[in-house]
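Text of the file input_18.pdb, holding PDB, C-alpha atoms and all ligand atoms:
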ATOM      1  CA  MET A  14     -20.246  14.105  -2.166
ATOM      2  CA  VAL A  15     -18.565  11.061  -0.620
ATOM      3  CA  ALA A  16     -16.037   8.842  -2.371
ATOM      4  CA  ILE A  17     -13.586   6.015  -1.785
ATOM      5  CA  ILE A  18     -10.798   4.564  -3.904
ATOM      6  CA  VAL A  19      -8.565   1.558  -3.217
ATOM      7  CA  HIS A  20      -5.514   0.049  -4.889
ATOM      8  CA  GLY A  21      -4.017  -3.419  -4.786
ATOM      9  CA  GLY A  22      -0.475  -2.437  -5.781
ATOM     10  CA  ALA A  23       1.422  -1.309  -8.854
ATOM     11  CA  GLY A  24       3.661  -3.537 -10.934
ATOM     12  CA  THR A  25       3.341  -6.217 -13.584
ATOM     13  CA  ILE A  26       1.048  -9.196 -13.164
ATOM     14  CA  ARG A  27       2.727 -11.792 -15.360
ATOM     15  CA  LYS A  28       0.228 -14.579 -14.777
ATOM     16  CA  GLU A  29      -2.942 -13.372 -16.514
ATOM     17  CA  GLU A  30      -5.056 -15.874 -14.563
ATOM     18  CA  ARG A  31      -4.341 -13.885 -11.396
ATOM     19  CA  ILE A  32      -6.015 -10.744 -12.748
ATOM     20  CA  PRO A  33      -9.657 -11.767 -12.035
ATOM     21  CA  ARG A  34      -8.702 -12.623  -8.433
ATOM     22  CA  VAL A  35      -6.986  -9.264  -8.055
ATOM     23  CA  MET A  36      -9.978  -7.425  -9.529
ATOM     24  CA  ASN A  37     -12.403  -9.278  -7.247
ATOM     25  CA  GLY A  38     -10.174  -8.335  -4.328
ATOM     26  CA  VAL A  39     -10.212  -4.594  -5.013
ATOM     27  CA  ARG A  40     -13.954  -4.683  -5.723
ATOM     28  CA  GLU A  41     -14.644  -6.431  -2.400
ATOM     29  CA  ALA A  42     -12.405  -3.976  -0.578
ATOM     30  CA  VAL A  43     -13.997  -0.867  -2.067
ATOM     31  CA  MET A  44     -17.456  -2.196  -1.185
ATOM     32  CA  ALA A  45     -16.341  -2.983   2.397
ATOM     33  CA  GLY A  46     -15.095   0.603   2.661
ATOM     34  CA  TRP A  47     -18.184   1.997   0.956
ATOM     35  CA  ARG A  48     -20.501   0.348   3.514
ATOM     36  CA  GLU A  49     -18.570   2.103   6.302
ATOM     37  CA  LEU A  50     -18.505   5.372   4.391
ATOM     38  CA  ARG A  51     -22.292   5.317   4.114
ATOM     39  CA  ARG A  52     -22.348   5.238   7.923
ATOM     40  CA  GLY A  53     -20.390   8.496   7.857
ATOM     41  CA  SER A  54     -16.707   7.989   8.647
ATOM     42  CA  ALA A  55     -13.871   8.150   6.105
ATOM     43  CA  LEU A  56     -11.525   6.821   8.807
ATOM     44  CA  ASP A  57     -13.613   3.678   9.384
ATOM     45  CA  ALA A  58     -14.013   3.297   5.619
ATOM     46  CA  VAL A  59     -10.254   3.392   4.993
ATOM     47  CA  GLU A  60      -9.570   0.916   7.821
ATOM     48  CA  GLU A  61     -12.216  -1.538   6.586
ATOM     49  CA  ALA A  62     -11.083  -1.326   2.965
ATOM     50  CA  VAL A  63      -7.422  -1.844   3.846
ATOM     51  CA  LYS A  64      -8.297  -4.716   6.222
ATOM     52  CA  SER A  65     -10.167  -6.426   3.401
ATOM     53  CA  LEU A  66      -7.060  -6.144   1.205
ATOM     54  CA  GLU A  67      -4.762  -7.272   4.035
ATOM     55  CA  ASP A  68      -6.929 -10.356   4.648
ATOM     56  CA  ASN A  69      -6.852 -11.350   0.965
ATOM     57  CA  PRO A  70      -3.714 -13.457   0.338
ATOM     58  CA  ILE A  71      -3.486 -12.355  -3.319
ATOM     59  CA  PHE A  72      -2.192  -8.954  -2.138
ATOM     60  CA  ASN A  73       1.167  -8.144  -0.590
ATOM     61  CA  ALA A  74      -0.046  -6.812   2.752
ATOM     62  CA  GLY A  75      -1.129  -8.578   5.938
ATOM     63  CA  THR A  76      -1.818 -12.221   5.033
ATOM     64  CA  GLY A  77       0.256 -12.921   1.913
ATOM     65  CA  SER A  78       2.974 -10.364   2.642
ATOM     66  CA  VAL A  79       6.222 -11.018   0.784
ATOM     67  CA  LEU A  80       9.265 -12.335   2.623
ATOM     68  CA  THR A  81      12.522 -10.592   3.463
ATOM     69  CA  LEU A  82      15.890 -11.850   2.300
ATOM     70  CA  ASP A  83      16.092 -13.979   5.438
ATOM     71  CA  GLY A  84      12.579 -15.412   5.036
ATOM     72  CA  ARG A  85      10.602 -13.341   7.513
ATOM     73  CA  VAL A  86       7.689 -10.967   7.199
ATOM     74  CA  GLU A  87       8.184  -7.315   8.140
ATOM     75  CA  MET A  88       5.068  -5.279   7.400
ATOM     76  CA  ASP A  89       4.522  -1.503   7.224
ATOM     77  CA  ALA A  90       1.258   0.461   7.453
ATOM     78  CA  ALA A  91       0.026   4.006   8.037
ATOM     79  CA  VAL A  92      -3.166   5.991   8.307
ATOM     80  CA  MET A  93      -3.651   9.764   8.244
ATOM     81  CA  ARG A  94      -6.599  12.126   8.800
ATOM     82  CA  GLY A  95      -6.651  15.161   6.551
ATOM     83  CA  LYS A  96      -8.444  17.613   8.825
ATOM     84  CA  SER A  97      -6.436  17.238  12.011
ATOM     85  CA  LEU A  98      -3.195  15.897  10.471
ATOM     86  CA  GLU A  99      -3.337  13.078  13.032
ATOM     87  CA  ALA A 100      -1.366  10.093  11.819
ATOM     88  CA  GLY A 101      -0.327   6.650  13.018
ATOM     89  CA  ALA A 102       2.052   4.134  11.512
ATOM     90  CA  VAL A 103       3.922   0.903  12.159
ATOM     91  CA  ALA A 104       7.121  -0.244  10.471
ATOM     92  CA  GLY A 105       8.741  -3.658  10.365
ATOM     93  CA  ILE A 106       5.927  -5.289  12.340
ATOM     94  CA  TRP A 107       5.188  -9.017  12.306
ATOM     95  CA  GLY A 108       2.927 -11.460  14.146
ATOM     96  CA  VAL A 109      -0.280  -9.438  13.646
ATOM     97  CA  LYS A 110      -3.142  -9.876  11.189
ATOM     98  CA  ASN A 111      -4.006  -6.253  10.382
ATOM     99  CA  PRO A 112      -1.143  -3.737  10.553
ATOM    100  CA  ILE A 113      -3.514  -0.926   9.459
ATOM    101  CA  SER A 114      -5.525  -1.386  12.677
ATOM    102  CA  VAL A 115      -2.358  -1.244  14.770
ATOM    103  CA  ALA A 116      -1.401   1.956  12.897
ATOM    104  CA  ARG A 117      -4.796   3.428  13.789
ATOM    105  CA  LYS A 118      -4.211   2.562  17.459
ATOM    106  CA  VAL A 119      -0.811   4.320  17.316
ATOM    107  CA  MET A 120      -2.669   7.404  16.058
ATOM    108  CA  GLU A 121      -5.437   7.219  18.631
ATOM    109  CA  LYS A 122      -3.699   5.890  21.751
ATOM    110  CA  THR A 123      -0.169   7.328  21.683
ATOM    111  CA  ASP A 124       1.541  10.692  21.389
ATOM    112  CA  HIS A 125       3.666   9.310  18.566
ATOM    113  CA  VAL A 126       3.282   8.809  14.836
ATOM    114  CA  LEU A 127       5.460   5.773  14.062
ATOM    115  CA  LEU A 128       6.352   2.660  16.073
ATOM    116  CA  GLY A 129       8.780   0.084  14.710
ATOM    117  CA  GLY A 130       9.792  -3.566  15.141
ATOM    118  CA  GLU A 131       9.664  -5.150  18.600
ATOM    119  CA  GLY A 132       8.198  -2.004  20.129
ATOM    120  CA  ALA A 133       5.348  -1.961  17.638
ATOM    121  CA  ILE A 134       4.591  -5.603  18.417
ATOM    122  CA  LYS A 135       4.699  -4.990  22.157
ATOM    123  CA  PHE A 136       2.258  -2.111  21.657
ATOM    124  CA  ALA A 137       0.003  -4.272  19.464
ATOM    125  CA  ARG A 138      -0.181  -6.955  22.171
ATOM    126  CA  LEU A 139      -1.005  -4.291  24.775
ATOM    127  CA  MET A 140      -3.843  -3.173  22.513
ATOM    128  CA  GLY A 141      -5.149  -6.761  22.340
ATOM    129  CA  PHE A 142      -3.954  -7.777  18.850
ATOM    130  CA  GLU A 143      -3.418 -11.533  18.920
ATOM    131  CA  GLU A 144      -0.457 -13.491  17.588
ATOM    132  CA  TYR A 145      -0.939 -14.278  13.884
ATOM    133  CA  ASP A 146       1.308 -15.728  11.172
ATOM    134  CA  PRO A 147       0.732 -13.869   7.858
ATOM    135  CA  ILE A 148       3.078 -16.109   5.792
ATOM    136  CA  THR A 149       1.270 -18.154   3.128
ATOM    137  CA  GLU A 150       2.538 -21.291   1.375
ATOM    138  CA  GLU A 151       2.496 -19.481  -1.977
ATOM    139  CA  ARG A 152       4.707 -16.668  -0.689
ATOM    140  CA  ARG A 153       7.107 -19.181   0.872
ATOM    141  CA  ARG A 154       7.420 -20.952  -2.522
ATOM    142  CA  GLN A 155       7.979 -17.649  -4.370
ATOM    143  CA  TRP A 156      10.603 -16.660  -1.805
ATOM    144  CA  GLU A 157      12.474 -19.939  -2.260
ATOM    145  CA  GLU A 158      12.468 -19.547  -6.050
ATOM    146  CA  LEU A 159      13.568 -15.905  -6.059
ATOM    147  CA  ARG A 160      16.238 -16.476  -3.446
ATOM    148  CA  ARG A 161      17.616 -19.412  -5.425
ATOM    149  CA  LYS A 162      17.824 -17.207  -8.543
ATOM    150  CA  LEU A 163      19.611 -14.485  -6.597
ATOM    151  CA  ILE A 164      22.091 -16.919  -5.110
ATOM    152  CA  GLU A 165      22.728 -18.752  -8.402
ATOM    153  CA  LYS A 166      23.471 -15.431 -10.113
ATOM    154  CA  GLY A 167      25.635 -14.289  -7.206
ATOM    155  CA  GLU A 168      23.442 -11.260  -6.691
ATOM    156  CA  ALA A 169      22.315 -11.789  -3.142
ATOM    157  CA  GLY A 170      21.366  -8.944  -0.953
ATOM    158  CA  HIS A 171      22.043  -5.551  -2.527
ATOM    159  CA  TRP A 172      19.377  -3.119  -3.566
ATOM    160  CA  LYS A 173      21.097  -2.231  -6.823
ATOM    161  CA  LYS A 174      21.052  -5.902  -7.645
ATOM    162  CA  LEU A 175      17.487  -6.201  -6.482
ATOM    163  CA  ASN A 176      16.462  -3.403  -8.814
ATOM    164  CA  GLU A 177      18.068  -5.315 -11.679
ATOM    165  CA  LEU A 178      16.166  -8.379 -10.555
ATOM    166  CA  ILE A 179      12.933  -6.397 -10.558
ATOM    167  CA  LYS A 180      13.539  -5.409 -14.189
ATOM    168  CA  GLU A 181      14.010  -9.050 -15.094
ATOM    169  CA  TYR A 182      11.170 -10.337 -12.897
ATOM    170  CA  PRO A 183       8.715  -7.447 -12.557
ATOM    171  CA  GLU A 184       6.228  -9.616 -10.664
ATOM    172  CA  VAL A 185       8.551  -9.167  -7.676
ATOM    173  CA  LEU A 186       7.172  -5.658  -7.417
ATOM    174  CA  ARG A 187       3.537  -6.554  -6.798
ATOM    175  CA  SER A 188       3.433  -4.473  -3.709
ATOM    176  CA  THR A 189       1.192  -2.708  -1.288
ATOM    177  CA  VAL A 190      -2.498  -1.945  -0.801
ATOM    178  CA  GLY A 191      -4.160   1.348   0.023
ATOM    179  CA  ALA A 192      -7.384   3.294   0.386
ATOM    180  CA  VAL A 193      -8.394   6.950   0.379
ATOM    181  CA  ALA A 194     -11.880   8.092   1.394
ATOM    182  CA  PHE A 195     -13.768  11.387   1.675
ATOM    183  CA  ASP A 196     -16.850  11.557   3.908
ATOM    184  CA  GLY A 197     -17.872  15.093   2.998
ATOM    185  CA  GLU A 198     -15.878  16.488   5.939
ATOM    186  CA  GLU A 199     -12.384  15.101   5.670
ATOM    187  CA  VAL A 200     -10.109  13.021   3.503
ATOM    188  CA  VAL A 201      -8.392  10.003   5.108
ATOM    189  CA  ALA A 202      -5.616   7.923   3.552
ATOM    190  CA  GLY A 203      -4.268   4.510   4.566
ATOM    191  CA  THR A 204      -1.626   2.171   3.138
ATOM    192  CA  SER A 205      -0.328  -1.279   4.113
ATOM    193  CA  THR A 206       2.401  -3.509   2.704
ATOM    194  CA  GLY A 207       4.722  -6.438   3.150
ATOM    195  CA  GLY A 208       7.313  -4.370   1.262
ATOM    196  CA  VAL A 209       9.298  -5.748  -1.663
ATOM    197  CA  PHE A 210      10.392  -9.371  -2.066
ATOM    198  CA  LEU A 211      13.856 -10.160  -0.705
ATOM    199  CA  LYS A 212      14.190  -6.747   0.884
ATOM    200  CA  MET A 213      17.002  -6.426   3.394
ATOM    201  CA  PHE A 214      15.970  -7.261   6.941
ATOM    202  CA  GLY A 215      15.142  -4.012   8.702
ATOM    203  CA  ARG A 216      14.397  -2.179   5.447
ATOM    204  CA  ILE A 217      11.482   0.230   5.816
ATOM    205  CA  GLY A 218       9.642   1.416   2.729
ATOM    206  CA  ASP A 219       7.543   4.454   1.929
ATOM    207  CA  THR A 220       4.244   3.100   3.256
ATOM    208  CA  PRO A 221       4.633   4.036   6.968
ATOM    209  CA  LEU A 222       6.504   7.276   6.264
ATOM    210  CA  ILE A 223       4.035  10.140   6.412
ATOM    211  CA  GLY A 224       4.339  12.156   3.206
ATOM    212  CA  ALA A 225       6.122   9.418   1.253
ATOM    213  CA  GLY A 226       3.624   6.565   0.813
ATOM    214  CA  THR A 227       0.702   7.925   2.809
ATOM    215  CA  TYR A 228      -0.555  11.483   3.277
ATOM    216  CA  ALA A 229      -3.724  13.473   3.913
ATOM    217  CA  ASP A 230      -4.339  17.137   4.611
ATOM    218  CA  GLU A 231      -7.201  19.606   4.179
ATOM    219  CA  PHE A 232      -6.738  19.563   0.384
ATOM    220  CA  ALA A 233      -6.368  15.877  -0.505
ATOM    221  CA  GLY A 234      -5.297  12.398   0.529
ATOM    222  CA  ALA A 235      -2.976  10.012  -1.286
ATOM    223  CA  SER A 236      -1.741   6.427  -1.040
ATOM    224  CA  ALA A 237       1.247   5.400  -3.154
ATOM    225  CA  THR A 238       2.557   2.027  -4.327
ATOM    226  CA  GLY A 239       5.697   0.818  -6.071
ATOM    227  CA  ILE A 240       9.386   0.966  -5.173
ATOM    228  CA  GLY A 241       9.360   2.628  -1.774
ATOM    229  CA  GLU A 242      12.771   4.223  -2.177
ATOM    230  CA  VAL A 243      11.348   6.311  -5.053
ATOM    231  CA  MET A 244       8.420   7.619  -3.017
ATOM    232  CA  ILE A 245      10.656   8.366  -0.027
ATOM    233  CA  ARG A 246      13.067  10.426  -2.134
ATOM    234  CA  LEU A 247      10.252  12.373  -3.794
ATOM    235  CA  VAL A 248       7.987  12.585  -0.696
ATOM    236  CA  LEU A 249       5.480  11.575  -3.308
ATOM    237  CA  ALA A 250       2.162  11.424  -1.414
ATOM    238  CA  LYS A 251       2.745  14.897   0.070
ATOM    239  CA  SER A 252       3.872  16.230  -3.316
ATOM    240  CA  ALA A 253       0.615  14.932  -4.790
ATOM    241  CA  ALA A 254      -1.423  16.732  -2.095
ATOM    242  CA  ASP A 255       0.631  19.883  -2.716
ATOM    243  CA  PHE A 256      -0.329  19.751  -6.391
ATOM    244  CA  VAL A 257      -3.973  19.943  -5.255
ATOM    245  CA  HIS A 258      -3.107  22.861  -2.954
ATOM    246  CA  LEU A 259      -1.637  24.591  -6.018
ATOM    247  CA  GLY A 260      -4.896  24.196  -7.947
ATOM    248  CA  LEU A 261      -4.953  20.801  -9.640
ATOM    249  CA  ASP A 262      -7.794  18.342  -9.087
ATOM    250  CA  ALA A 263      -7.065  14.773  -7.924
ATOM    251  CA  PRO A 264      -6.845  13.236 -11.431
ATOM    252  CA  ARG A 265      -4.348  15.864 -12.604
ATOM    253  CA  ALA A 266      -2.417  15.830  -9.342
ATOM    254  CA  SER A 267      -2.052  12.031  -9.594
ATOM    255  CA  GLU A 268      -0.674  12.350 -13.120
ATOM    256  CA  ALA A 269       1.687  15.130 -12.018
ATOM    257  CA  ALA A 270       2.993  13.037  -9.110
ATOM    258  CA  ILE A 271       3.641  10.008 -11.307
ATOM    259  CA  GLY A 272       5.225  12.357 -13.866
ATOM    260  CA  LEU A 273       7.737  13.323 -11.175
ATOM    261  CA  ALA A 274       8.503   9.655 -10.455
ATOM    262  CA  THR A 275       9.032   8.948 -14.161
ATOM    263  CA  LYS A 276      11.197  12.031 -14.659
ATOM    264  CA  TYR A 277      13.639  11.116 -11.900
ATOM    265  CA  PHE A 278      13.458   7.316 -11.762
ATOM    266  CA  GLY A 279      12.035   6.121 -15.095
ATOM    267  CA  GLU A 280       9.098   3.862 -15.912
ATOM    268  CA  ASN A 281       7.810   0.936 -13.865
ATOM    269  CA  VAL A 282       8.382   2.375 -10.415
ATOM    270  CA  ALA A 283       5.197   3.919  -8.992
ATOM    271  CA  GLY A 284       1.427   4.265  -8.758
ATOM    272  CA  ILE A 285      -0.843   6.511  -6.710
ATOM    273  CA  ILE A 286      -4.505   6.926  -5.760
ATOM    274  CA  MET A 287      -6.011  10.204  -4.514
ATOM    275  CA  ILE A 288      -9.190  12.004  -3.515
ATOM    276  CA  ASP A 289      -9.364  15.779  -3.195
ATOM    277  CA  ARG A 290     -11.602  17.808  -0.882
ATOM    278  CA  ASN A 291     -14.164  18.249  -3.649
ATOM    279  CA  GLY A 292     -14.581  14.478  -3.846
ATOM    280  CA  ASN A 293     -12.691  14.111  -7.149
ATOM    281  CA  VAL A 294     -11.040  10.712  -7.495
ATOM    282  CA  GLY A 295      -7.668  10.338  -9.240
ATOM    283  CA  PHE A 296      -5.187   7.605  -9.927
ATOM    284  CA  ALA A 297      -2.117   7.173 -12.108
ATOM    285  CA  LYS A 298       0.761   4.740 -12.601
ATOM    286  CA  ASN A 299       3.876   4.258 -14.698
ATOM    287  CA  THR A 300       3.799   0.484 -14.259
ATOM    288  CA  LYS A 301       1.997  -1.954 -16.549
ATOM    289  CA  HIS A 302      -0.659  -2.718 -13.945
ATOM    290  CA  MET A 303      -2.222  -1.166 -10.875
ATOM    291  CA  SER A 304      -5.514  -2.637  -9.692
ATOM    292  CA  VAL A 305      -7.950   0.071  -8.567
ATOM    293  CA  ALA A 306     -11.593   0.303  -7.602
ATOM    294  CA  TYR A 307     -13.629   3.335  -6.604
ATOM    295  CA  MET A 308     -17.162   4.323  -5.640
ATOM    296  CA  LYS A 309     -18.756   7.756  -5.491
ATOM    297  CA  ASP A 310     -22.210   9.076  -4.774
ATOM    298  CA  GLY A 311     -24.520   8.282  -7.663
ATOM    299  CA  MET A 312     -22.564   5.268  -8.960
ATOM    300  CA  PRO A 313     -24.655   2.046  -8.949
ATOM    301  CA  GLU A 314     -21.542  -0.148  -9.142
ATOM    302  CA  PRO A 315     -17.877   0.409  -8.408
ATOM    303  CA  TYR A 316     -15.458   1.263 -11.204
ATOM    304  CA  THR A 317     -12.691  -1.309 -11.385
ATOM    305  CA  GLY A 318      -9.606  -1.162 -13.580
ATOM    306  CA  ILE A 319      -6.062  -2.439 -13.906
TER
HETATM  307  N1  LIG B   1       5.765   0.565  -1.706
HETATM  308  C1  LIG B   1       6.021  -0.438  -0.773
HETATM  309  C2  LIG B   1       7.409  -0.599  -0.400
HETATM  310  O1  LIG B   1       8.309  -0.251  -1.162
HETATM  311  O2  LIG B   1       7.664  -1.080   0.683
END
Write-out of the structure in C-alpha cells:
Amino acid sequence: MVAIIVHGGAGTIRKEERIPRVMNGVREAVMAGWRELRRGSALDAVEEAVKSLEDNPIFNAGTGSVLTLDGRVEMDAAVMRGKSLEAGAVAGIWGVKNPISVARKVMEKTDHVLLGGEGAIKFARLMGFEEYDPITEERRRQWEELRRKLIEKGEAGHWKKLNELIKEYPEVLRSTVGAVAFDGEEVVAGTSTGGVFLKMFGRIGDTPLIGAGTYADEFAGASATGIGEVMIRLVLAKSAADFVHLGLDAPRASEAAIGLATKYFGENVAGIIMIDRNGNVGFAKNTKHMSVAYMKDGMPEPYTGI
C-alpha cells in the first residue's frame, strides 16, 4: 500500500473564484508526488509535491509567500523521515525558490536539524540554490491593503491585534502547504510556508519546528497548517503521531489532534494531514476551508476536497 496526501493551507477562502485554482493546485501537486512515489521513494514524493505547491503563486509558500510587517518574505520549511527520524528544516529564509529542497539538504548534508536566516541562505548558496525573488505583485498589493488597515486602526504590529485582524479578515490566514507520503517502507512528512501576513520580522512559525508543524516517526507522519503559535504550543504534529502510537488510525488521529486545537484555542485555527504506517490517510480542520488531495493504490483519480 502506498499513499500520498497534500494540503494547500487551512483558513477561509473569501473569494469563491479562487477555489478552482486552489483545487487545481493541490491536484497537480498530489499527482507530481504520486509520480515520484510510483518510482519508490516517499521522500522524493514529498519533495516534489511540496515544490509543486511552492511554485504555484496561489499558495502561501515559495513563490507567492505572504509578506512580513516590514514587507519582506521570510519562509519556513521542514522535512522528516519516519524510519530514521532524520529531519531538516529552514526558518526565516529568503531569496530561494524552493525552501523544502533547502530543508532536505540540511537533513542530508549537515549534522543539524534547523538553520535560520542569513546562515540558512549562506548554506543554500553553498548547495547551489540560486538567488530568486518569491514576492508576487498580488501579495505586494494584499500587503499594502492589510498594512493600511492595520495602521488606520492603530493596530500595527502586535500578535494579539493580528489575531483580532484574522477574525475580521480570515483570508489573512491562508497559510502553508504540506505533503505526507508512505512508500510501503516509511512515512515522510514535509511542510513549507511564507507564514502569516504581517507577521513580525523574525517570527518563526510551527512549520520548521519538528513536532509542531511537521513530524514523522515509525507510526505516522503529519503536516499541520493554521496559526503556527497554536501548533507550537500543542506540539500538534507529534501529538497526532502519538495518537496513532496509542492505537488510532490516521483519520481518527487527525480528528483527535484538531480536537485538541479547538479545545484550547477555539475554532478557525488549525488543519492537519496524516498518513499512518498502514497507509491510512487522514485529514481534519477546524477552519472553513482546507484544500486537500490524496492518492492511494487502487484509486484511478485523486480525491480532492476543500
Ligand atoms: N502555519 C504556518 C505559520 O503559522 O507560520
I'd like the contact shell of Tyr228 of chain A - 10 Å cut-off, all atoms listed in the file, skipping same-chain residues fewer than 3 positions apart - returned as a PyMOL selection string.
chain A and resi 91-95+98+100+193+200-204+220-225+233-237+248-254+287
Result set, the PyMOL selection byres (((chain A and resi 45) around 10) and not hetatm) on current file, as a ChimeraX atom specification:
/A:39-44,46-50,58-66
Keeping only C-alpha atoms, take the residues you just selected and write them out as a PDB file, in the frame of the given file.
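File again01.pdb, as written:
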ATOM      1  CA  VAL A  39     -10.212  -4.594  -5.013  1.00  0.00           C
ATOM      2  CA  ARG A  40     -13.954  -4.683  -5.723  1.00  0.00           C
ATOM      3  CA  GLU A  41     -14.644  -6.431  -2.400  1.00  0.00           C
ATOM      4  CA  ALA A  42     -12.405  -3.976  -0.578  1.00  0.00           C
ATOM      5  CA  VAL A  43     -13.997  -0.867  -2.067  1.00  0.00           C
ATOM      6  CA  MET A  44     -17.456  -2.196  -1.185  1.00  0.00           C
ATOM      7  CA  GLY A  46     -15.095   0.603   2.661  1.00  0.00           C
ATOM      8  CA  TRP A  47     -18.184   1.997   0.956  1.00  0.00           C
ATOM      9  CA  ARG A  48     -20.501   0.348   3.514  1.00  0.00           C
ATOM     10  CA  GLU A  49     -18.570   2.103   6.302  1.00  0.00           C
ATOM     11  CA  LEU A  50     -18.505   5.372   4.391  1.00  0.00           C
ATOM     12  CA  ALA A  58     -14.013   3.297   5.619  1.00  0.00           C
ATOM     13  CA  VAL A  59     -10.254   3.392   4.993  1.00  0.00           C
ATOM     14  CA  GLU A  60      -9.570   0.916   7.821  1.00  0.00           C
ATOM     15  CA  GLU A  61     -12.216  -1.538   6.586  1.00  0.00           C
ATOM     16  CA  ALA A  62     -11.083  -1.326   2.965  1.00  0.00           C
ATOM     17  CA  VAL A  63      -7.422  -1.844   3.846  1.00  0.00           C
ATOM     18  CA  LYS A  64      -8.297  -4.716   6.222  1.00  0.00           C
ATOM     19  CA  SER A  65     -10.167  -6.426   3.401  1.00  0.00           C
ATOM     20  CA  LEU A  66      -7.060  -6.144   1.205  1.00  0.00           C
TER      21      LEU A  66
END
Among the residues A:Phe210, A:Trp107, A:Phe195, A:Phe278, the one that comes closest to ligand LIG 1 (chain B) [using only C-alpha atoms and all ligand atoms]
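Of all the options, A:Phe210 lies closest to ligand LIG 1 (chain B).
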Do you have the atom CA of Ile245 of chain A-atom CA of Lys110 of chain A distance handy?
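It comes out at 25.5 Å.
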With the file shown as input, list the residues that the PyMOL selection byres (((chain A and resi 264) around 12) and not hetatm) selects, as a PyMOL selection string.
chain A and resi 233+235+253-254+256-257+260-263+265-271+285-289+291-298
Take the residues that were just selected and, keeping C-alpha atoms, output them as a short mmCIF file (atom, residue, chain, number, x, y, z; two decimals), keeping the file's coordinate frame.
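Saved file out-v9.cif follows:
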data_model
loop_
_atom_site.label_atom_id
_atom_site.label_comp_id
_atom_site.auth_asym_id
_atom_site.auth_seq_id
_atom_site.Cartn_x
_atom_site.Cartn_y
_atom_site.Cartn_z
CA ALA A 233 -6.37 15.88 -0.50
CA ALA A 235 -2.98 10.01 -1.29
CA ALA A 253 0.62 14.93 -4.79
CA ALA A 254 -1.42 16.73 -2.10
CA PHE A 256 -0.33 19.75 -6.39
CA VAL A 257 -3.97 19.94 -5.26
CA GLY A 260 -4.90 24.20 -7.95
CA LEU A 261 -4.95 20.80 -9.64
CA ASP A 262 -7.79 18.34 -9.09
CA ALA A 263 -7.06 14.77 -7.92
CA ARG A 265 -4.35 15.86 -12.60
CA ALA A 266 -2.42 15.83 -9.34
CA SER A 267 -2.05 12.03 -9.59
CA GLU A 268 -0.67 12.35 -13.12
CA ALA A 269 1.69 15.13 -12.02
CA ALA A 270 2.99 13.04 -9.11
CA ILE A 271 3.64 10.01 -11.31
CA ILE A 285 -0.84 6.51 -6.71
CA ILE A 286 -4.50 6.93 -5.76
CA MET A 287 -6.01 10.20 -4.51
CA ILE A 288 -9.19 12.00 -3.52
CA ASP A 289 -9.36 15.78 -3.20
CA ASN A 291 -14.16 18.25 -3.65
CA GLY A 292 -14.58 14.48 -3.85
CA ASN A 293 -12.69 14.11 -7.15
CA VAL A 294 -11.04 10.71 -7.50
CA GLY A 295 -7.67 10.34 -9.24
CA PHE A 296 -5.19 7.60 -9.93
CA ALA A 297 -2.12 7.17 -12.11
CA LYS A 298 0.76 4.74 -12.60
#
